[in-house]
Amino acid sequence: MGHAVPRGAIGLAINPVRARSQDQLHIHIACLGRGVHAALAAGVPALAPGWGTLTIEGRPYRATRILGSELDGHNPIRMLADALVPGTDLARFTLLVAGMDFAEGPGWTVLAAADAPGAERLLDPGCALAGAP
């Protein structure tokens, strides 16, 4: 039987084109890995509305935050595209959107990196982070 999972434990991942097994865009939704969750929590004070950098599992990621419990009006893929130099191949990027709780309230962290392993590797489908029911 399932159980409630806190929004701060969930991530949405989009892999770069080279890490897609079916050669098409698809989205992974699962719990964050424990180490990823810890790195995000530690990096929260450094996150701002603009793009900065966070290191996750030894790899630098572009990072930004979105305030609000919903992504209303925010498109993380468009946000990344707008932040890149025109002509940059967006398909090379791994993208992760994770629920977070900031001092100002609920929100989202967006991570992106070119030529990084697939973002689904940052997720834990077994959801160890949320614990057993």
# chains A, B, ... in the order shown; residues from 1 in each chain; ligands from 1
call {"tool": "select_by_dssp", "arguments": {"residues": "stretch 28-101 of chain A", "states": "alpha helix (DSSP H)", "output": "ChimeraX atom specification"}}
result
/A:34-43,76-83
call {"tool": "write_last_selection", "arguments": {"atoms": "N, CA and C atoms", "output": "compact mmCIF listing (two decimals), in the first residue's frame"}}
result
# COMPACT_ATOMS: atom_id res chain seq x y z
N ARG A 34 19.06 10.11 -1.71
CA ARG A 34 19.41 10.72 -0.42
C ARG A 34 20.53 11.75 -0.54
N GLY A 35 21.58 11.40 -1.27
CA GLY A 35 22.70 12.32 -1.42
C GLY A 35 22.33 13.58 -2.17
N VAL A 36 21.48 13.44 -3.16
CA VAL A 36 21.02 14.59 -3.95
C VAL A 36 20.18 15.51 -3.05
N HIS A 37 19.28 14.91 -2.29
CA HIS A 37 18.44 15.68 -1.38
C HIS A 37 19.30 16.44 -0.37
N ALA A 38 20.30 15.79 0.19
CA ALA A 38 21.18 16.44 1.16
C ALA A 38 21.96 17.58 0.52
N ALA A 39 22.46 17.38 -0.70
CA ALA A 39 23.21 18.43 -1.38
C ALA A 39 22.31 19.62 -1.71
N LEU A 40 21.08 19.36 -2.11
CA LEU A 40 20.15 20.46 -2.38
C LEU A 40 19.83 21.22 -1.10
N ALA A 41 19.57 20.50 -0.02
CA ALA A 41 19.26 21.16 1.25
C ALA A 41 20.44 22.02 1.71
N ALA A 42 21.64 21.52 1.53
CA ALA A 42 22.83 22.29 1.93
C ALA A 42 23.03 23.51 1.03
N GLY A 43 22.61 23.42 -0.22
CA GLY A 43 22.80 24.52 -1.17
C GLY A 43 21.69 25.54 -1.19
N PRO A 76 10.50 25.24 -16.73
CA PRO A 76 11.94 25.05 -16.51
C PRO A 76 12.75 24.85 -17.79
N ILE A 77 12.20 24.20 -18.77
CA ILE A 77 12.94 24.02 -20.03
C ILE A 77 13.14 25.37 -20.72
N ARG A 78 12.11 26.18 -20.76
CA ARG A 78 12.21 27.52 -21.37
C ARG A 78 13.16 28.40 -20.55
N MET A 79 13.11 28.27 -19.22
CA MET A 79 14.01 29.05 -18.37
C MET A 79 15.47 28.74 -18.70
N LEU A 80 15.77 27.45 -18.87
CA LEU A 80 17.13 27.05 -19.22
C LEU A 80 17.49 27.57 -20.61
N ALA A 81 16.61 27.37 -21.56
CA ALA A 81 16.89 27.83 -22.93
C ALA A 81 17.16 29.33 -22.97
N ASP A 82 16.39 30.11 -22.21
CA ASP A 82 16.58 31.55 -22.18
C ASP A 82 17.90 31.96 -21.53
N ALA A 83 18.44 31.11 -20.66
CA ALA A 83 19.70 31.41 -19.97
C ALA A 83 20.93 31.02 -20.77
call {"tool": "residues_around", "arguments": {"residues": "A:Arg65", "least_positions_apart": "3", "cutoff": "7 Å", "atoms": "only C-alpha atoms", "output": "list in words"}}
result
Leu47, Ala48, Pro49, Trp108, Thr109 and Val110 of chain A
call {"tool": "select_by_dssp", "arguments": {"residues": "stretch 40-87 of chain A", "states": "strand (DSSP E)", "output": "number ranges by chain"}}
result
A: 52-56, 59-67
call {"tool": "write_last_selection", "arguments": {"atoms": "N, CA and C atoms", "output": "PDB file, in the first residue's frame"}}
result
ATOM      1  N   GLY A  52      22.730  30.177 -10.643  1.00  0.00           N
ATOM      2  CA  GLY A  52      24.008  30.073  -9.947  1.00  0.00           C
ATOM      3  C   GLY A  52      24.556  28.680 -10.190  1.00  0.00           C
ATOM      4  N   THR A  53      25.396  28.211  -9.286  1.00  0.00           N
ATOM      5  CA  THR A  53      25.985  26.881  -9.427  1.00  0.00           C
ATOM      6  C   THR A  53      25.853  26.113  -8.116  1.00  0.00           C
ATOM      7  N   LEU A  54      25.478  24.855  -8.219  1.00  0.00           N
ATOM      8  CA  LEU A  54      25.473  23.921  -7.091  1.00  0.00           C
ATOM      9  C   LEU A  54      26.220  22.676  -7.532  1.00  0.00           C
ATOM     10  N   THR A  55      26.983  22.092  -6.625  1.00  0.00           N
ATOM     11  CA  THR A  55      27.669  20.846  -6.935  1.00  0.00           C
ATOM     12  C   THR A  55      26.866  19.696  -6.354  1.00  0.00           C
ATOM     13  N   ILE A  56      26.515  18.760  -7.207  1.00  0.00           N
ATOM     14  CA  ILE A  56      25.757  17.574  -6.825  1.00  0.00           C
ATOM     15  C   ILE A  56      26.568  16.361  -7.261  1.00  0.00           C
ATOM     16  N   ARG A  59      29.626  17.046  -9.373  1.00  0.00           N
ATOM     17  CA  ARG A  59      29.461  17.682 -10.688  1.00  0.00           C
ATOM     18  C   ARG A  59      28.776  19.035 -10.514  1.00  0.00           C
ATOM     19  N   PRO A  60      29.309  20.082 -11.176  1.00  0.00           N
ATOM     20  CA  PRO A  60      28.646  21.386 -11.092  1.00  0.00           C
ATOM     21  C   PRO A  60      27.388  21.424 -11.964  1.00  0.00           C
ATOM     22  N   TYR A  61      26.334  21.959 -11.404  1.00  0.00           N
ATOM     23  CA  TYR A  61      25.070  22.151 -12.122  1.00  0.00           C
ATOM     24  C   TYR A  61      24.694  23.619 -12.075  1.00  0.00           C
ATOM     25  N   ARG A  62      24.120  24.122 -13.150  1.00  0.00           N
ATOM     26  CA  ARG A  62      23.464  25.425 -13.094  1.00  0.00           C
ATOM     27  C   ARG A  62      22.272  25.219 -12.182  1.00  0.00           C
ATOM     28  N   ALA A  63      21.975  26.192 -11.342  1.00  0.00           N
ATOM     29  CA  ALA A  63      20.867  26.035 -10.405  1.00  0.00           C
ATOM     30  C   ALA A  63      20.122  27.348 -10.228  1.00  0.00           C
ATOM     31  N   THR A  64      18.821  27.233 -10.097  1.00  0.00           N
ATOM     32  CA  THR A  64      17.985  28.382  -9.778  1.00  0.00           C
ATOM     33  C   THR A  64      16.817  27.892  -8.950  1.00  0.00           C
ATOM     34  N   ARG A  65      16.053  28.826  -8.453  1.00  0.00           N
ATOM     35  CA  ARG A  65      14.891  28.433  -7.666  1.00  0.00           C
ATOM     36  C   ARG A  65      13.659  29.164  -8.155  1.00  0.00           C
ATOM     37  N   ILE A  66      12.538  28.548  -7.886  1.00  0.00           N
ATOM     38  CA  ILE A  66      11.228  29.112  -8.203  1.00  0.00           C
ATOM     39  C   ILE A  66      10.430  29.066  -6.901  1.00  0.00           C
ATOM     40  N   LEU A  67       9.845  30.169  -6.504  1.00  0.00           N
ATOM     41  CA  LEU A  67       9.024  30.187  -5.300  1.00  0.00           C
ATOM     42  C   LEU A  67       7.579  29.870  -5.663  1.00  0.00           C
TER      43      LEU A  67
END
call {"tool": "atom_distance", "arguments": {"atom1": "atom CA of A:Pro45", "atom2": "atom CA of A:Phe102"}}
result
8.3 Å
call {"tool": "closest_residue", "arguments": {"among": "A:Cys31, A:Ala9, A:Ala19, A:Ala4", "to": "A:Pro125", "atoms": "only C-alpha atoms"}}
result
A:Cys31
call {"tool": "closest_residue", "arguments": {"among": "A:Gly68, A:Pro86, A:Gly126, A:Gly58", "to": "A:Ile10", "atoms": "only C-alpha atoms"}}
result
A:Gly126
call {"tool": "residues_around", "arguments": {"residues": "A:Ser69", "least_positions_apart": "3", "cutoff": "12 Å", "atoms": "only C-alpha atoms", "output": "tab-separated table (two decimals) with C-alpha atoms, in the first residue's frame"}}
result
chain	number	residue	atom	x	y	z
A	7	ARG	CA	6.92	17.33	-1.91
A	8	GLY	CA	10.54	17.97	-0.91
A	65	ARG	CA	14.89	28.43	-7.67
A	66	ILE	CA	11.23	29.11	-8.20
A	72	ASP	CA	2.37	28.30	-12.39
A	73	GLY	CA	3.73	30.28	-15.30
A	74	HIS	CA	7.21	28.74	-15.02
A	98	ALA	CA	12.94	19.19	-7.28
A	99	GLY	CA	10.40	20.29	-4.69
A	100	MET	CA	12.01	22.36	-1.93
A	101	ASP	CA	11.07	24.31	1.17
A	102	PHE	CA	12.75	27.71	1.33
A	104	GLU	CA	10.14	32.18	2.14
A	105	GLY	CA	7.93	29.11	1.66
A	106	PRO	CA	7.54	26.18	-0.74
A	107	GLY	CA	9.25	26.20	-4.09
A	108	TRP	CA	11.32	24.34	-6.63
A	109	THR	CA	15.00	23.96	-7.41
call {"tool": "atom_distance", "arguments": {"atom1": "atom CA of A:Leu32", "atom2": "atom CA of A:Leu90"}}
result
23.1 Å
call {"tool": "closest_residue", "arguments": {"among": "A:Asn75, A:Thr88, A:Gln22, A:Thr94", "to": "A:Leu122", "atoms": "only C-alpha atoms"}}
result
A:Thr94
call {"tool": "atom_distance", "arguments": {"atom1": "atom CA of A:Arg121", "atom2": "atom CA of A:Ala46"}}
result
23.5 Å
call {"tool": "residues_around", "arguments": {"residues": "A:Arg18", "least_positions_apart": "3", "cutoff": "12 Å", "atoms": "only C-alpha atoms", "output": "list in words"}}
result
Ile14, Asn15, Ser21, Gln22, Asp23, Gln24, Leu25, Leu90, Ala91, Arg92, Phe93, Thr94, Ala114, Asp115, Ala116, Pro117, Gly118 and Ala119 of chain A
